[in-house]
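Listing of protein_0.cif; format and content: mmCIF, C-alpha atoms and all ligand atoms.
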```
data_query
loop_
_atom_site.group_PDB
_atom_site.id
_atom_site.type_symbol
_atom_site.label_atom_id
_atom_site.label_comp_id
_atom_site.auth_asym_id
_atom_site.auth_seq_id
_atom_site.Cartn_x
_atom_site.Cartn_y
_atom_site.Cartn_z
ATOM 1 C CA MET A 1 24.318 -56.715 55.414
ATOM 2 C CA SER A 2 21.083 -56.209 53.605
ATOM 3 C CA LEU A 3 17.815 -54.356 53.611
ATOM 4 C CA PHE A 4 14.571 -55.894 54.793
ATOM 5 C CA GLN A 5 11.018 -54.872 55.622
ATOM 6 C CA CYS A 6 10.177 -54.741 59.320
ATOM 7 C CA GLU A 7 7.422 -57.249 60.079
ATOM 8 C CA VAL A 8 5.863 -54.993 62.696
ATOM 9 C CA CYS A 9 5.787 -51.478 61.206
ATOM 10 C CA GLY A 10 6.651 -52.162 57.548
ATOM 11 C CA CYS A 11 9.581 -49.789 57.333
ATOM 12 C CA CYS A 12 12.791 -50.464 55.408
ATOM 13 C CA GLU A 13 15.634 -51.405 57.734
ATOM 14 C CA ASN A 14 19.275 -52.470 57.392
ATOM 15 C CA THR A 15 20.358 -55.666 59.146
ATOM 16 C CA ALA A 16 23.616 -54.044 60.256
ATOM 17 C CA LEU A 17 21.727 -51.422 62.250
ATOM 18 C CA SER A 18 19.113 -53.648 63.847
ATOM 19 C CA CYS A 19 21.009 -56.623 65.244
ATOM 20 C CA GLN A 20 20.155 -58.618 62.064
ATOM 21 C CA GLY A 21 16.492 -57.808 62.625
ATOM 22 C CA PHE A 22 16.615 -59.369 66.118
ATOM 23 C CA LYS A 23 16.068 -62.758 64.552
ATOM 24 C CA TYR A 24 17.863 -65.971 65.604
ATOM 25 C CA ILE A 25 19.252 -64.240 68.693
ATOM 26 C CA GLU A 26 15.937 -63.752 70.429
ATOM 27 C CA GLU A 27 17.253 -65.166 73.695
ATOM 28 C CA CYS A 28 19.515 -62.147 74.125
ATOM 29 C CA PHE A 29 16.582 -59.843 74.632
ATOM 30 C CA ASP A 30 13.668 -59.242 76.985
ATOM 31 C CA TRP A 31 10.485 -59.510 74.908
ATOM 32 C CA SER A 32 8.012 -58.826 77.697
ATOM 33 C CA TYR A 33 7.243 -55.387 76.218
ATOM 34 C CA ALA A 34 5.725 -57.060 73.130
ATOM 35 C CA PRO A 35 5.852 -60.885 73.262
ATOM 36 C CA GLU A 36 4.238 -61.214 69.830
ATOM 37 C CA ARG A 37 7.329 -59.656 68.246
ATOM 38 C CA GLU A 38 9.697 -62.412 69.340
ATOM 39 C CA GLY A 39 10.874 -64.354 66.274
ATOM 40 C CA LEU A 40 9.857 -61.679 63.791
ATOM 41 C CA LYS A 41 12.366 -59.718 61.755
ATOM 42 C CA ILE A 42 11.997 -56.182 63.002
ATOM 43 C CA CYS A 43 13.579 -52.752 62.812
ATOM 44 C CA SER A 44 15.609 -50.919 65.419
ATOM 45 C CA ALA A 45 12.619 -48.804 66.448
ATOM 46 C CA CYS A 46 10.374 -51.839 66.997
ATOM 47 C CA GLY A 47 13.184 -53.731 68.702
ATOM 48 C CA PRO A 48 13.564 -54.570 72.360
ATOM 49 C CA THR A 49 14.703 -51.903 74.786
ATOM 50 C CA GLU A 50 16.045 -54.345 77.381
ATOM 51 C CA TYR A 51 18.459 -57.248 77.314
ATOM 52 C CA ALA A 52 17.390 -60.533 78.828
ATOM 53 C CA GLY A 53 18.277 -61.303 82.410
ATOM 54 C CA GLY A 54 18.156 -57.720 83.575
ATOM 55 C CA GLU A 55 21.396 -56.856 81.849
ATOM 56 C CA GLY A 56 20.215 -53.364 81.161
ATOM 57 C CA PRO A 57 18.909 -51.233 78.319
ATOM 58 C CA THR A 58 19.704 -51.782 74.664
ATOM 59 C CA GLU A 59 20.327 -49.029 72.149
ATOM 60 C CA TYR A 60 17.094 -50.024 70.415
ATOM 61 C CA GLY A 61 13.439 -49.078 70.782
ATOM 62 C CA GLN A 62 14.127 -45.963 68.761
ATOM 63 C CA TRP A 63 15.061 -45.310 65.158
ATOM 64 C CA HIS A 64 18.832 -45.283 64.663
ATOM 65 C CA GLY A 65 18.766 -42.148 62.516
ATOM 66 C CA GLU A 66 21.400 -43.411 60.079
ATOM 67 C CA PHE A 67 18.933 -42.917 57.225
ATOM 68 C CA ASP A 68 15.314 -41.871 56.891
ATOM 69 C CA ARG A 69 12.693 -44.304 58.140
ATOM 70 C CA VAL A 70 10.609 -45.131 55.076
ATOM 71 C CA PHE A 71 7.356 -46.980 55.712
ATOM 72 C CA LEU A 72 6.180 -49.365 52.998
ATOM 73 C CA PRO A 73 2.988 -51.339 52.347
ATOM 74 C CA MET A 74 3.170 -54.455 54.516
ATOM 75 C CA GLY A 75 4.028 -57.683 52.747
ATOM 76 C CA GLU A 76 4.756 -56.144 49.355
ATOM 77 C CA PHE A 77 8.551 -56.401 49.559
ATOM 78 C CA HIS A 78 11.245 -59.007 49.991
ATOM 79 C CA THR A 79 15.032 -58.995 50.284
ATOM 80 C CA ASN A 80 16.535 -60.034 46.968
ATOM 81 C CA ARG A 81 19.751 -61.916 46.214
ATOM 82 C CA VAL A 82 21.933 -58.823 46.323
ATOM 83 C CA GLY A 83 20.496 -57.690 49.629
ATOM 84 C CA ASN A 84 18.262 -54.938 48.355
ATOM 85 C CA LEU A 85 14.593 -54.510 49.076
ATOM 86 C CA GLU A 86 12.589 -55.515 46.025
ATOM 87 C CA HIS A 87 8.938 -54.832 45.274
ATOM 88 C CA ASN A 88 7.217 -58.200 44.852
ATOM 89 C CA GLN A 89 4.994 -57.157 41.995
ATOM 90 C CA SER A 90 7.182 -54.869 39.888
ATOM 91 C CA GLY A 91 10.618 -56.256 40.753
ATOM 92 C CA GLY A 92 11.789 -52.689 41.283
ATOM 93 C CA GLU A 93 14.404 -51.856 43.884
ATOM 94 C CA ASP A 94 13.542 -48.191 44.318
ATOM 95 C CA PHE A 95 11.424 -48.795 47.405
ATOM 96 C CA ARG A 96 11.035 -45.072 48.077
ATOM 97 C CA LEU A 97 8.545 -44.927 45.208
ATOM 98 C CA TYR A 98 6.164 -46.917 47.412
ATOM 99 C CA ALA A 99 6.603 -44.955 50.628
ATOM 100 C CA ILE A 100 3.456 -44.497 52.688
ATOM 101 C CA GLN A 101 2.491 -42.612 55.827
ATOM 102 C CA SER A 102 2.415 -44.821 58.885
ATOM 103 C CA GLU A 103 0.363 -44.476 62.030
ATOM 104 C CA VAL A 104 2.718 -46.754 63.926
ATOM 105 C CA LYS A 105 4.322 -45.036 66.854
ATOM 106 C CA PRO A 106 7.774 -46.069 67.959
HETATM 107 ZN ZN ZN A 201 9.568 -51.644 62.737
#
```
Encoded form using structure tokens:
Amino acid sequence: MSLFQCEVCGCCENTALSCQGFKYIEECFDWSYAPEREGLKICSACGPTEYAGGEGPTEYGQWHGEFDRVFLPMGEFHTNRVGNLEHNQSGGEDFRLYAIQSEVKP
């Protein structure tokens, strides 16, 4: 498991808590709520609320609450070789130093 930056809201998420970011298993979910999100790596809160084929609600569409949702400047981070979120410019792993307020609603 590793940390990554959600491509929709910019928050720091853990793959283990967001179905690997909903990537590569897109067909399992109903993306009609936000078709533009299909194929992106996204957090649990931005994730789909319904499974494909009318199989019912997922546990997603809300923040999991396992740790604080920290929003970060979009595109300024990447997942490094040890699975931590690394600031592109400084190389630092303490992403909380770059936390910002976000207007994105779940
Ligand atoms: Zn998100």
Name the residues that the PyMOL selection byres (((chain A and resi 23) around 12) and not hetatm) pulls out of this structure, and write them as a PDB file with C-alpha atoms, keeping the file's coordinate frame.
```
ATOM      1  CA  CYS A   6      10.177 -54.741  59.320  1.00  0.00           C
ATOM      2  CA  GLU A   7       7.422 -57.249  60.079  1.00  0.00           C
ATOM      3  CA  THR A  15      20.358 -55.666  59.146  1.00  0.00           C
ATOM      4  CA  SER A  18      19.113 -53.648  63.847  1.00  0.00           C
ATOM      5  CA  CYS A  19      21.009 -56.623  65.244  1.00  0.00           C
ATOM      6  CA  GLN A  20      20.155 -58.618  62.064  1.00  0.00           C
ATOM      7  CA  GLY A  21      16.492 -57.808  62.625  1.00  0.00           C
ATOM      8  CA  PHE A  22      16.615 -59.369  66.118  1.00  0.00           C
ATOM      9  CA  TYR A  24      17.863 -65.971  65.604  1.00  0.00           C
ATOM     10  CA  ILE A  25      19.252 -64.240  68.693  1.00  0.00           C
ATOM     11  CA  GLU A  26      15.937 -63.752  70.429  1.00  0.00           C
ATOM     12  CA  GLU A  27      17.253 -65.166  73.695  1.00  0.00           C
ATOM     13  CA  CYS A  28      19.515 -62.147  74.125  1.00  0.00           C
ATOM     14  CA  PHE A  29      16.582 -59.843  74.632  1.00  0.00           C
ATOM     15  CA  ARG A  37       7.329 -59.656  68.246  1.00  0.00           C
ATOM     16  CA  GLU A  38       9.697 -62.412  69.340  1.00  0.00           C
ATOM     17  CA  GLY A  39      10.874 -64.354  66.274  1.00  0.00           C
ATOM     18  CA  LEU A  40       9.857 -61.679  63.791  1.00  0.00           C
ATOM     19  CA  LYS A  41      12.366 -59.718  61.755  1.00  0.00           C
ATOM     20  CA  ILE A  42      11.997 -56.182  63.002  1.00  0.00           C
ATOM     21  CA  CYS A  43      13.579 -52.752  62.812  1.00  0.00           C
ATOM     22  CA  SER A  44      15.609 -50.919  65.419  1.00  0.00           C
ATOM     23  CA  GLY A  47      13.184 -53.731  68.702  1.00  0.00           C
ATOM     24  CA  PRO A  48      13.564 -54.570  72.360  1.00  0.00           C
TER      25      PRO A  48
END
```
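Computed from the coordinates, the atom CA of Glu36 of chain A to atom CA of Phe71 of chain A distance equals 20.3 Å.
Atom CA of Pro73 of chain A lies 28.4 Å from atom CA of Glu50 of chain A.
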Practice task
Return the single residue from A:Ser32, A:Ser90, A:Gln101, A:Gln5 that is closest to ligand ZN 201 (chain A), with distances computed using only C-alpha atoms and all ligand atoms.
Solution key: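 Residue with the minimum atom-to-atom distance to ligand ZN 201 (chain A): A:Gln5.
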With a distance cut-off of 12 Å and only C-alpha atoms, select the neighbouring residues of Thr79 of chain A, excluding the residue or stretch itself and same-chain residues fewer than 5 positions from it, and output the selection as a list in words.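 My list of contacting residues is Met1, Ser2, Leu3, Phe4, Gln5, Cys6, Cys12, Glu13, Asn14, Thr15, Lys41, Asn84, Leu85, Glu86, His87, Asn88, Gly91, Gly92, Glu93 and Phe95 of chain A.
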For those residues, write C-alpha atoms to a file as a PDB file, in the coordinates of the input.
```pdb
ATOM      1  CA  MET A   1      24.318 -56.715  55.414  1.00  0.00           C
ATOM      2  CA  SER A   2      21.083 -56.209  53.605  1.00  0.00           C
ATOM      3  CA  LEU A   3      17.815 -54.356  53.611  1.00  0.00           C
ATOM      4  CA  PHE A   4      14.571 -55.894  54.793  1.00  0.00           C
ATOM      5  CA  GLN A   5      11.018 -54.872  55.622  1.00  0.00           C
ATOM      6  CA  CYS A   6      10.177 -54.741  59.320  1.00  0.00           C
ATOM      7  CA  CYS A  12      12.791 -50.464  55.408  1.00  0.00           C
ATOM      8  CA  GLU A  13      15.634 -51.405  57.734  1.00  0.00           C
ATOM      9  CA  ASN A  14      19.275 -52.470  57.392  1.00  0.00           C
ATOM     10  CA  THR A  15      20.358 -55.666  59.146  1.00  0.00           C
ATOM     11  CA  LYS A  41      12.366 -59.718  61.755  1.00  0.00           C
ATOM     12  CA  ASN A  84      18.262 -54.938  48.355  1.00  0.00           C
ATOM     13  CA  LEU A  85      14.593 -54.510  49.076  1.00  0.00           C
ATOM     14  CA  GLU A  86      12.589 -55.515  46.025  1.00  0.00           C
ATOM     15  CA  HIS A  87       8.938 -54.832  45.274  1.00  0.00           C
ATOM     16  CA  ASN A  88       7.217 -58.200  44.852  1.00  0.00           C
ATOM     17  CA  GLY A  91      10.618 -56.256  40.753  1.00  0.00           C
ATOM     18  CA  GLY A  92      11.789 -52.689  41.283  1.00  0.00           C
ATOM     19  CA  GLU A  93      14.404 -51.856  43.884  1.00  0.00           C
ATOM     20  CA  PHE A  95      11.424 -48.795  47.405  1.00  0.00           C
TER      21      PHE A  95
END
```
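Take the candidates A:Ser102, A:Phe67, A:Trp31, A:Asn80 and check each one against ligand ZN 201 (chain A) using only C-alpha atoms and all ligand atoms; the shortest distance goes to A:Ser102.
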One decimal place gives the atom CA of Cys11 of chain A-atom CA of Val70 of chain A separation as 5.3 Å
Taking 4 positions as the minimum chain separation for residues in the same chain, which residues sit within 12 Å of Gln89 of chain A when counting all atoms listed in the file? Answer as a ChimeraX atom specification.
/A:75-78,93,95,98
Output C-alpha atoms for every residue in the selection just made, as a short mmCIF file (atom, residue, chain, number, x, y, z; two decimals), keeping the file's coordinate frame.
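Result file is selection.cif:
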```
data_model
loop_
_atom_site.label_atom_id
_atom_site.label_comp_id
_atom_site.auth_asym_id
_atom_site.auth_seq_id
_atom_site.Cartn_x
_atom_site.Cartn_y
_atom_site.Cartn_z
CA GLY A 75 4.03 -57.68 52.75
CA GLU A 76 4.76 -56.14 49.36
CA PHE A 77 8.55 -56.40 49.56
CA HIS A 78 11.24 -59.01 49.99
CA GLU A 93 14.40 -51.86 43.88
CA PHE A 95 11.42 -48.80 47.40
CA TYR A 98 6.16 -46.92 47.41
#
```
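If you measure from each of A:Met74, A:Asp30, A:Asp94, A:Glu66 to Gly54 of chain A using all atoms listed in the file, the closest one turns out to be A:Asp30.
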In terms of all atoms listed in the file, the residue from A:Leu72, A:Glu59, A:Ile100, A:Arg81 at minimal distance from Gly10 of chain A is A:Leu72
Judged by only C-alpha atoms and all ligand atoms, the minimum distance to ligand ZN 201 (chain A) among A:Ala45, A:Ala99, A:Ala16, A:Gly56 is found for A:Ala45
With all heavy atoms as the target, complete segment 1-12 of chain A and hand it back as an mmCIF file, in the frame of the given file.
```
data_model
loop_
_atom_site.group_PDB
_atom_site.id
_atom_site.type_symbol
_atom_site.label_atom_id
_atom_site.label_comp_id
_atom_site.auth_asym_id
_atom_site.auth_seq_id
_atom_site.Cartn_x
_atom_site.Cartn_y
_atom_site.Cartn_z
ATOM 1 N N MET A 1 25.489 -57.441 54.932
ATOM 2 C CA MET A 1 24.318 -56.715 55.414
ATOM 3 C C MET A 1 23.331 -56.509 54.274
ATOM 4 O O MET A 1 23.708 -56.498 53.109
ATOM 5 C CB MET A 1 24.731 -55.371 56.007
ATOM 6 C CG MET A 1 25.240 -54.370 54.995
ATOM 7 S SD MET A 1 25.837 -52.882 55.826
ATOM 8 C CE MET A 1 25.980 -51.779 54.430
ATOM 9 N N SER A 2 22.090 -56.373 54.641
ATOM 10 C CA SER A 2 21.083 -56.209 53.605
ATOM 11 C C SER A 2 19.891 -55.447 54.151
ATOM 12 O O SER A 2 19.762 -55.232 55.358
ATOM 13 C CB SER A 2 20.634 -57.582 53.090
ATOM 14 O OG SER A 2 20.064 -58.330 54.131
ATOM 15 N N LEU A 3 19.041 -55.058 53.238
ATOM 16 C CA LEU A 3 17.815 -54.356 53.611
ATOM 17 C C LEU A 3 16.690 -55.362 53.782
ATOM 18 O O LEU A 3 16.666 -56.406 53.137
ATOM 19 C CB LEU A 3 17.445 -53.344 52.525
ATOM 20 C CG LEU A 3 18.480 -52.248 52.241
ATOM 21 C CD1 LEU A 3 18.003 -51.366 51.090
ATOM 22 C CD2 LEU A 3 18.740 -51.410 53.483
ATOM 23 N N PHE A 4 15.745 -55.049 54.637
ATOM 24 C CA PHE A 4 14.571 -55.894 54.793
ATOM 25 C C PHE A 4 13.408 -55.036 55.253
ATOM 26 O O PHE A 4 13.585 -53.896 55.682
ATOM 27 C CB PHE A 4 14.824 -57.037 55.798
ATOM 28 C CG PHE A 4 15.016 -56.564 57.227
ATOM 29 C CD1 PHE A 4 13.954 -56.528 58.104
ATOM 30 C CD2 PHE A 4 16.268 -56.153 57.673
ATOM 31 C CE1 PHE A 4 14.128 -56.093 59.422
ATOM 32 C CE2 PHE A 4 16.448 -55.720 58.983
ATOM 33 C CZ PHE A 4 15.381 -55.696 59.857
ATOM 34 N N GLN A 5 12.208 -55.594 55.161
ATOM 35 C CA GLN A 5 11.018 -54.872 55.622
ATOM 36 C C GLN A 5 10.666 -55.337 57.031
ATOM 37 O O GLN A 5 10.502 -56.543 57.272
ATOM 38 C CB GLN A 5 9.841 -55.128 54.682
ATOM 39 C CG GLN A 5 8.594 -54.344 55.111
ATOM 40 C CD GLN A 5 7.455 -54.451 54.125
ATOM 41 O OE1 GLN A 5 7.282 -55.477 53.470
ATOM 42 N NE2 GLN A 5 6.668 -53.401 54.031
ATOM 43 N N CYS A 6 10.557 -54.413 57.942
ATOM 44 C CA CYS A 6 10.177 -54.741 59.320
ATOM 45 C C CYS A 6 8.794 -55.396 59.334
ATOM 46 O O CYS A 6 7.864 -54.897 58.703
ATOM 47 C CB CYS A 6 10.160 -53.475 60.168
ATOM 48 S SG CYS A 6 9.510 -53.734 61.828
ATOM 49 N N GLU A 7 8.682 -56.509 60.052
ATOM 50 C CA GLU A 7 7.422 -57.249 60.079
ATOM 51 C C GLU A 7 6.414 -56.675 61.070
ATOM 52 O O GLU A 7 5.312 -57.188 61.199
ATOM 53 C CB GLU A 7 7.696 -58.727 60.399
ATOM 54 C CG GLU A 7 8.465 -59.417 59.275
ATOM 55 C CD GLU A 7 8.784 -60.877 59.588
ATOM 56 O OE1 GLU A 7 8.040 -61.521 60.331
ATOM 57 O OE2 GLU A 7 9.807 -61.369 59.075
ATOM 58 N N VAL A 8 6.807 -55.635 61.779
ATOM 59 C CA VAL A 8 5.863 -54.993 62.696
ATOM 60 C C VAL A 8 5.330 -53.684 62.100
ATOM 61 O O VAL A 8 4.129 -53.472 62.013
ATOM 62 C CB VAL A 8 6.503 -54.725 64.071
ATOM 63 C CG1 VAL A 8 5.608 -53.843 64.933
ATOM 64 C CG2 VAL A 8 6.769 -56.047 64.785
ATOM 65 N N CYS A 9 6.229 -52.797 61.669
ATOM 66 C CA CYS A 9 5.787 -51.478 61.206
ATOM 67 C C CYS A 9 5.862 -51.328 59.687
ATOM 68 O O CYS A 9 5.310 -50.383 59.143
ATOM 69 C CB CYS A 9 6.596 -50.381 61.893
ATOM 70 S SG CYS A 9 8.291 -50.277 61.314
ATOM 71 N N GLY A 10 6.583 -52.229 59.005
ATOM 72 C CA GLY A 10 6.651 -52.162 57.548
ATOM 73 C C GLY A 10 7.731 -51.270 56.998
ATOM 74 O O GLY A 10 7.843 -51.111 55.785
ATOM 75 N N CYS A 11 8.550 -50.692 57.852
ATOM 76 C CA CYS A 11 9.581 -49.789 57.333
ATOM 77 C C CYS A 11 10.765 -50.573 56.758
ATOM 78 O O CYS A 11 10.920 -51.763 57.005
ATOM 79 C CB CYS A 11 10.049 -48.814 58.414
ATOM 80 S SG CYS A 11 11.253 -49.475 59.582
ATOM 81 N N CYS A 12 11.585 -49.870 55.983
ATOM 82 C CA CYS A 12 12.791 -50.464 55.408
ATOM 83 C C CYS A 12 13.927 -50.300 56.399
ATOM 84 O O CYS A 12 14.234 -49.188 56.809
ATOM 85 C CB CYS A 12 13.132 -49.755 54.095
ATOM 86 S SG CYS A 12 14.692 -50.325 53.385
#
```
